[in-house]
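Novice: Please find one structure pasted underneath; my questions will follow.
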Amino acid sequence: MTQRALITGITGQDGSYLAELLLDKGYEVIGMVRRSSTVNFERIAHLQDRITFVPGDLLDEISMINMLSEHRPQEVYNLAAQSFVQTSFGQPVLTGEVTGLGVTRILDAVRIVDPSIRFYQASSSEMFGKVVEVPQRETTPFYPRSPYGVAKLYGHWITVNYRESYDLHASSGILFNHESPRRGLEFVTRKISHAVAKIKLGLADELRLGNLESQRDWGFAGDYVEAMWLMLQQEQPGDYVVATGETHPVREFCEIAFSHVDLDWERYVKVDERFFRPAEVDLLVGDPATAHKVLGWQPRTSFEDLVVGMVDADLSLLSGGLESI
């Protein structure tokens, strides 16, 4: 029987890579999208004729119940969220409703419609926040430093609670930063790669950033979605840190990105306090040992290859745009 999977947040970076992976494995993919006059299908335009799109909203549990009842997926991947940390400070209530309580709504829909559904929750390294140990692993205490991190922590613990209360096969992937050419322009990595391409092409002359000393564990999103799938193939559910185990400062990302196009990053990068967070997270680095051992998962893309690939993709994107003008 063909496996059927539902992906919330399918139009996002992770959703697009996960949809590709599942389709390649022979799945029937159902993608949840909110009713809107401006749904952005850019990341999955090449897959649109292979995906069944259904309306739904994490703010509305009835839509979740109806969706599961009609399409009967065996697996549900909850990737939908208000996922930009900086925005969560300006919209903390909305972030809590979608990123936190939204998880409860879809878990409850699973409980009501079909408790045999295997459920994946996209947790986040931002839950560690002000880290109490380095590296961070599944047993590290959480100390979120943003409304986004707090909301993700609620979603994480409610997944654990439903797993233990209702015997659901519900797993959480505590994913550290994962990037790609499909990353939104509001995220610092894509902001850098896009600006480097613009500067190289003469379309911009500077890049303004916040804290250059912030360190992150950056991997490739296309590698990380495989870990999501592997979690739902296990006999028992669980929680897994998914990371590279390496940490790099924002400055190093800039150095590699600019040097790739033969530019000196220090000539173009300006520190702007407007981009500092009210409460900063300075150092995140994950210990993926459990994912390695239990899931057999390993990241395949190096940090340098990730940065270079993002810059090349933005150069191609912007060059194509220039040619069409």
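Every chain in the structure tokens takes a letter, A first, then B, and so on in the order presented; its residues are numbered from 1, and the ligands are numbered from 1 following the presented order.
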Pick out each residue of segment 65-243 of chain A that DSSP on the backbone tags as alpha helix (DSSP H); I need them as a PyMOL selection string.
Specialist: chain A and resi 65-71+85-90+92-95+102-113+147-166+188-200+221-232
Novice: Write out as a ChimeraX atom specification each polymer residue whose atoms come within 6 Å of Tyr27 of chain A, counting only C-alpha atoms; drop sequence neighbours fewer than 4 positions from it.
Specialist: /A:3-4,22-23
Novice: Would you mind exporting the chosen residues as a PDB file, in the first residue's frame, restricted to C-alpha atoms?
Specialist:
```
ATOM      1  CA  GLN A   3       2.317   5.451   2.134  1.00  0.00           C
ATOM      2  CA  ARG A   4       0.525   8.760   2.550  1.00  0.00           C
ATOM      3  CA  LEU A  22       8.969  11.560   0.351  1.00  0.00           C
ATOM      4  CA  LEU A  23       7.958  11.713  -3.313  1.00  0.00           C
TER       5      LEU A  23
END
```
Novice: Please identify all polymer residues within 12 Å of Thr2 of chain A, counting only C-alpha atoms, omitting same-chain residues fewer than 5 positions from it, and present them as a PyMOL selection string.
Specialist: chain A and resi 22-23+25-29+72-75
Novice: Please produce a file of those selected residues containing all heavy atoms, as a CSV table (one decimal), in the first residue's frame.
Specialist:
```
chain,number,residue,atom,x,y,z
A,22,LEU,N,10.1,12.5,0.2
A,22,LEU,CA,9.0,11.6,0.4
A,22,LEU,C,8.5,11.1,-1.0
A,22,LEU,O,8.2,9.9,-1.3
A,22,LEU,CB,7.8,12.1,1.2
A,22,LEU,CG,8.1,12.4,2.6
A,22,LEU,CD1,6.9,13.1,3.3
A,22,LEU,CD2,8.6,11.2,3.4
A,23,LEU,N,8.4,12.1,-2.0
A,23,LEU,CA,8.0,11.7,-3.3
A,23,LEU,C,9.0,10.8,-4.0
A,23,LEU,O,8.6,9.8,-4.6
A,23,LEU,CB,7.8,13.0,-4.2
A,23,LEU,CG,6.6,13.8,-3.8
A,23,LEU,CD1,6.7,15.2,-4.5
A,23,LEU,CD2,5.3,13.2,-4.2
A,25,LYS,N,10.6,8.6,-2.5
A,25,LYS,CA,10.4,7.3,-1.8
A,25,LYS,C,9.1,6.7,-2.1
A,25,LYS,O,8.7,5.6,-1.6
A,25,LYS,CB,10.6,7.5,-0.3
A,25,LYS,CG,12.0,7.8,0.2
A,25,LYS,CD,12.1,7.9,1.7
A,25,LYS,CE,13.5,8.2,2.1
A,25,LYS,NZ,14.4,7.1,1.8
A,26,GLY,N,8.3,7.3,-3.0
A,26,GLY,CA,7.1,6.7,-3.5
A,26,GLY,C,5.8,7.1,-2.7
A,26,GLY,O,4.8,6.5,-2.8
A,27,TYR,N,6.0,8.0,-1.8
A,27,TYR,CA,4.8,8.5,-0.9
A,27,TYR,C,3.8,9.3,-1.8
A,27,TYR,O,4.2,9.9,-2.8
A,27,TYR,CB,5.3,9.4,0.2
A,27,TYR,CG,5.8,8.7,1.4
A,27,TYR,CD1,7.0,8.0,1.4
A,27,TYR,CD2,5.2,8.8,2.6
A,27,TYR,CE1,7.5,7.4,2.5
A,27,TYR,CE2,5.7,8.3,3.8
A,27,TYR,CZ,6.9,7.5,3.7
A,27,TYR,OH,7.4,6.9,4.9
A,28,GLU,N,2.6,9.2,-1.3
A,28,GLU,CA,1.6,10.2,-1.7
A,28,GLU,C,1.7,11.4,-0.7
A,28,GLU,O,1.6,11.1,0.5
A,28,GLU,CB,0.2,9.6,-1.7
A,28,GLU,CG,-0.9,10.6,-2.1
A,28,GLU,CD,-2.3,10.0,-2.0
A,28,GLU,OE1,-2.4,8.7,-1.9
A,28,GLU,OE2,-3.3,10.8,-2.0
A,29,VAL,N,1.9,12.6,-1.2
A,29,VAL,CA,2.1,13.7,-0.3
A,29,VAL,C,0.9,14.7,-0.3
A,29,VAL,O,0.5,15.1,-1.4
A,29,VAL,CB,3.4,14.5,-0.7
A,29,VAL,CG1,3.6,15.7,0.2
A,29,VAL,CG2,4.6,13.6,-0.6
A,72,ARG,N,-6.6,10.7,5.5
A,72,ARG,CA,-6.1,9.5,6.2
A,72,ARG,C,-4.6,9.2,6.0
A,72,ARG,O,-4.2,8.2,5.5
A,72,ARG,CB,-6.9,8.3,5.8
A,72,ARG,CG,-8.4,8.3,6.2
A,72,ARG,CD,-8.5,8.1,7.7
A,72,ARG,NE,-9.9,8.3,8.2
A,72,ARG,CZ,-10.3,8.1,9.5
A,72,ARG,NH1,-9.4,7.6,10.4
A,72,ARG,NH2,-11.5,8.3,9.8
A,73,PRO,N,-3.8,10.2,6.4
A,73,PRO,CA,-2.3,9.9,6.2
A,73,PRO,C,-1.8,8.9,7.3
A,73,PRO,O,-2.4,8.8,8.4
A,73,PRO,CB,-1.7,11.3,6.5
A,73,PRO,CG,-2.7,12.0,7.4
A,73,PRO,CD,-4.1,11.5,6.9
A,74,GLN,N,-0.8,8.2,7.0
A,74,GLN,CA,-0.1,7.4,8.0
A,74,GLN,C,0.9,8.1,8.8
A,74,GLN,O,1.3,7.8,9.9
A,74,GLN,CB,0.5,6.2,7.3
A,74,GLN,CG,-0.4,5.1,6.8
A,74,GLN,CD,-0.8,5.4,5.3
A,74,GLN,OE1,0.0,6.0,4.6
A,74,GLN,NE2,-2.0,5.1,5.0
A,75,GLU,N,1.4,9.2,8.2
A,75,GLU,CA,2.4,10.0,8.8
A,75,GLU,C,2.1,11.5,8.7
A,75,GLU,O,1.5,11.9,7.7
A,75,GLU,CB,3.8,9.8,8.2
A,75,GLU,CG,4.4,8.4,8.3
A,75,GLU,CD,5.6,8.2,7.5
A,75,GLU,OE1,6.2,9.1,6.9
A,75,GLU,OE2,6.1,7.0,7.5
```
Novice: Which neighbours of Ser125 of chain A fall inside 12 Å, counting only C-alpha atoms, when residues of the same chain fewer than 2 positions from it are skipped, and could you give them as a VMD selection string?
Specialist: chain A and resid 85 122 to 123 127 to 131 135 to 138 140 to 146 148 to 150 152 to 153 156 172 to 178 216 to 218 240 to 243 281 283 to 288
Novice: Compare A:Glu213, A:Asp314, A:Asp108, A:Glu186 by their minimum atom-to-atom distance to His248 of chain A, counting only C-alpha atoms, and give me the closest one.
Specialist: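 Counting only C-alpha atoms, the residue closest to His248 of chain A is A:Glu213.
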Novice: Quick one: residues within 8 Å of Gly238 of chain A, only C-alpha atoms counted, chain neighbours fewer than 4 positions away excluded, as a list in words?
Specialist: Ala170, Ser171, Ser172 and Met231 of chain A
Novice: In Å to one decimal, how far is atom CA of Pro237 of chain A from atom CA of Glu164 of chain A?
Specialist: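 Those two atoms sit 10.3 Å apart.
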Novice: Hey, which of A:Met1, A:Leu18, A:Leu318, A:Ala257 ends up closest to Ala221 of chain A? Count only C-alpha atoms.
Specialist: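 Using only C-alpha atoms, Ala221 of chain A sits closest to A:Leu18.
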Novice: Could you tell me how far atom CA of Tyr77 of chain A sits from atom CA of Tyr17 of chain A, in Å to one decimal place?
Specialist: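 Value for the atom CA of Tyr17 of chain A-atom CA of Tyr77 of chain A distance: 12.3 Å.
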Novice: Which residues of segment 68-88 of chain A have any atom within 12 Å of an atom in segment 92-105 of chain A when counting only C-alpha atoms, and what is the closest pair of atoms for each, with the distance in Å to one decimal? Order the rows by chain and rising number and write it as CSV.
Specialist:
```
residue,atom,partner,partner_atom,distance
A:Val76,CA,A:Val103,CA,11.6
A:Tyr77,CA,A:Val103,CA,10.8
A:Asn78,CA,A:Val103,CA,7.6
A:Leu79,CA,A:Thr99,CA,9.4
A:Ala80,CA,A:Thr99,CA,7.5
A:Ala81,CA,A:Thr99,CA,4.7
A:Gln82,CA,A:Thr95,CA,5.5
A:Ser83,CA,A:Thr99,CA,7.6
A:Phe84,CA,A:Thr95,CA,9.2
A:Val85,CA,A:Thr95,CA,9.4
A:Gln86,CA,A:Pro92,CA,10.0
A:Thr87,CA,A:Pro92,CA,8.0
A:Ser88,CA,A:Pro92,CA,4.9
```
Novice: Produce a file of the selected residues containing all heavy atoms, as a CSV table (one decimal), in the first residue's frame.
Specialist:
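Below is the file again.csv, written as the result:
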```csv
chain,number,residue,atom,x,y,z
A,76,VAL,N,2.3,12.3,9.8
A,76,VAL,CA,2.1,13.7,9.8
A,76,VAL,C,3.4,14.4,10.2
A,76,VAL,O,3.9,14.1,11.3
A,76,VAL,CB,0.9,14.1,10.7
A,76,VAL,CG1,0.9,15.6,10.9
A,76,VAL,CG2,-0.4,13.6,10.2
A,77,TYR,N,3.8,15.3,9.4
A,77,TYR,CA,5.0,16.1,9.7
A,77,TYR,C,4.6,17.6,10.0
A,77,TYR,O,4.1,18.3,9.0
A,77,TYR,CB,6.0,16.1,8.6
A,77,TYR,CG,6.6,14.7,8.3
A,77,TYR,CD1,5.9,13.8,7.5
A,77,TYR,CD2,7.8,14.3,8.8
A,77,TYR,CE1,6.4,12.5,7.2
A,77,TYR,CE2,8.3,13.0,8.5
A,77,TYR,CZ,7.6,12.2,7.7
A,77,TYR,OH,8.1,10.9,7.5
A,78,ASN,N,4.7,18.0,11.2
A,78,ASN,CA,4.2,19.4,11.5
A,78,ASN,C,5.4,20.4,11.5
A,78,ASN,O,6.2,20.5,12.4
A,78,ASN,CB,3.6,19.4,12.9
A,78,ASN,CG,3.1,20.8,13.2
A,78,ASN,OD1,2.5,21.5,12.4
A,78,ASN,ND2,3.3,21.3,14.5
A,79,LEU,N,5.5,21.0,10.3
A,79,LEU,CA,6.6,22.0,10.1
A,79,LEU,C,6.1,23.4,10.1
A,79,LEU,O,6.9,24.3,10.0
A,79,LEU,CB,7.3,21.7,8.7
A,79,LEU,CG,7.7,20.2,8.5
A,79,LEU,CD1,8.5,20.2,7.1
A,79,LEU,CD2,8.6,19.7,9.6
A,80,ALA,N,4.8,23.6,10.1
A,80,ALA,CA,4.3,25.0,10.1
A,80,ALA,C,4.5,25.7,11.4
A,80,ALA,O,4.4,25.1,12.5
A,80,ALA,CB,2.7,24.9,9.8
A,81,ALA,N,4.8,27.0,11.3
A,81,ALA,CA,5.1,27.8,12.5
A,81,ALA,C,5.3,29.2,12.0
A,81,ALA,O,5.6,29.5,10.9
A,81,ALA,CB,6.3,27.3,13.2
A,82,GLN,N,5.2,30.2,13.0
A,82,GLN,CA,5.8,31.5,12.8
A,82,GLN,C,7.3,31.3,13.2
A,82,GLN,O,7.6,31.1,14.4
A,82,GLN,CB,5.1,32.5,13.7
A,82,GLN,CG,5.5,34.0,13.4
A,82,GLN,CD,7.0,34.3,13.6
A,82,GLN,OE1,7.7,34.4,12.6
A,82,GLN,NE2,7.5,34.5,14.8
A,83,SER,N,8.2,31.2,12.3
A,83,SER,CA,9.5,30.7,12.5
A,83,SER,C,10.6,31.7,12.6
A,83,SER,O,11.8,31.3,12.7
A,83,SER,CB,9.8,29.6,11.5
A,83,SER,OG,9.8,30.2,10.2
A,84,PHE,N,10.3,33.0,12.5
A,84,PHE,CA,11.4,33.9,12.5
A,84,PHE,C,11.5,34.5,13.9
A,84,PHE,O,10.6,35.1,14.4
A,84,PHE,CB,11.1,35.0,11.5
A,84,PHE,CG,12.3,36.0,11.3
A,84,PHE,CD1,13.6,35.5,11.2
A,84,PHE,CD2,12.1,37.4,11.2
A,84,PHE,CE1,14.7,36.4,11.0
A,84,PHE,CE2,13.1,38.2,11.1
A,84,PHE,CZ,14.4,37.8,11.0
A,85,VAL,N,12.7,34.3,14.5
A,85,VAL,CA,12.9,34.7,15.9
A,85,VAL,C,12.7,36.2,16.1
A,85,VAL,O,12.0,36.6,17.1
A,85,VAL,CB,14.4,34.3,16.4
A,85,VAL,CG1,14.6,34.9,17.8
A,85,VAL,CG2,14.5,32.8,16.3
A,86,GLN,N,13.2,37.0,15.2
A,86,GLN,CA,13.1,38.5,15.4
A,86,GLN,C,11.6,38.9,15.4
A,86,GLN,O,11.2,39.7,16.2
A,86,GLN,CB,13.9,39.2,14.4
A,86,GLN,CG,14.1,40.7,14.6
A,86,GLN,CD,15.0,41.0,15.8
A,86,GLN,OE1,16.0,40.3,16.0
A,86,GLN,NE2,14.8,42.0,16.5
A,87,THR,N,10.8,38.3,14.5
A,87,THR,CA,9.4,38.6,14.4
A,87,THR,C,8.7,38.2,15.7
A,87,THR,O,7.7,38.9,16.1
A,87,THR,CB,8.8,37.9,13.2
A,87,THR,OG1,9.4,38.4,12.0
A,87,THR,CG2,7.3,38.1,13.2
A,88,SER,N,9.1,37.2,16.4
A,88,SER,CA,8.4,36.7,17.6
A,88,SER,C,8.5,37.8,18.7
A,88,SER,O,7.6,37.8,19.6
A,88,SER,CB,9.0,35.4,18.1
A,88,SER,OG,10.3,35.6,18.7
```
Novice: Pick out the residues sitting within 6 Å of Phe276 of chain A, and hand them over as a PyMOL selection string; count only C-alpha atoms, and ignore anything fewer than 2 positions along from it in its own chain.
Specialist: chain A and resi 210+273-274
Novice: What does the distance from atom CA of Ile10 of chain A to atom CA of His71 of chain A come to in Å, to one decimal?
Specialist: 15.9 Å
Novice: From the options A:Ala195, A:Leu230, A:Val132, A:Ala45, which residue's atoms come nearest to Leu315 of chain A, counting only C-alpha atoms?
Specialist: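 Checking each of A:Ala195, A:Leu230, A:Val132, A:Ala45 against Leu315 of chain A, counting only C-alpha atoms, the winner is A:Ala195.
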Novice: Would you pick out the contacts of Gly12 of chain A at 9 Å or less, using only C-alpha atoms, so that residues sharing its chain but fewer than 6 positions from it are not included, and give the list as an NGL selection string?
Specialist: :A and (40-41 or 43-44 or 79-80 or 182-184)
Novice: Could you please take those selected residues and save C-alpha atoms as a PDB file, in the first residue's frame?
Specialist:
```pdb
ATOM      1  CA  ASN A  40       3.645  31.417  -2.110  1.00  0.00           C
ATOM      2  CA  PHE A  41       4.376  28.196  -3.997  1.00  0.00           C
ATOM      3  CA  ARG A  43       9.772  26.672  -3.273  1.00  0.00           C
ATOM      4  CA  ILE A  44       7.580  23.810  -4.468  1.00  0.00           C
ATOM      5  CA  LEU A  79       6.606  21.967  10.080  1.00  0.00           C
ATOM      6  CA  ALA A  80       4.254  24.962  10.096  1.00  0.00           C
ATOM      7  CA  ARG A 182      15.424  28.233  -0.272  1.00  0.00           C
ATOM      8  CA  ARG A 183      15.857  30.001   3.085  1.00  0.00           C
ATOM      9  CA  GLY A 184      13.790  33.173   3.518  1.00  0.00           C
TER      10      GLY A 184
END
```
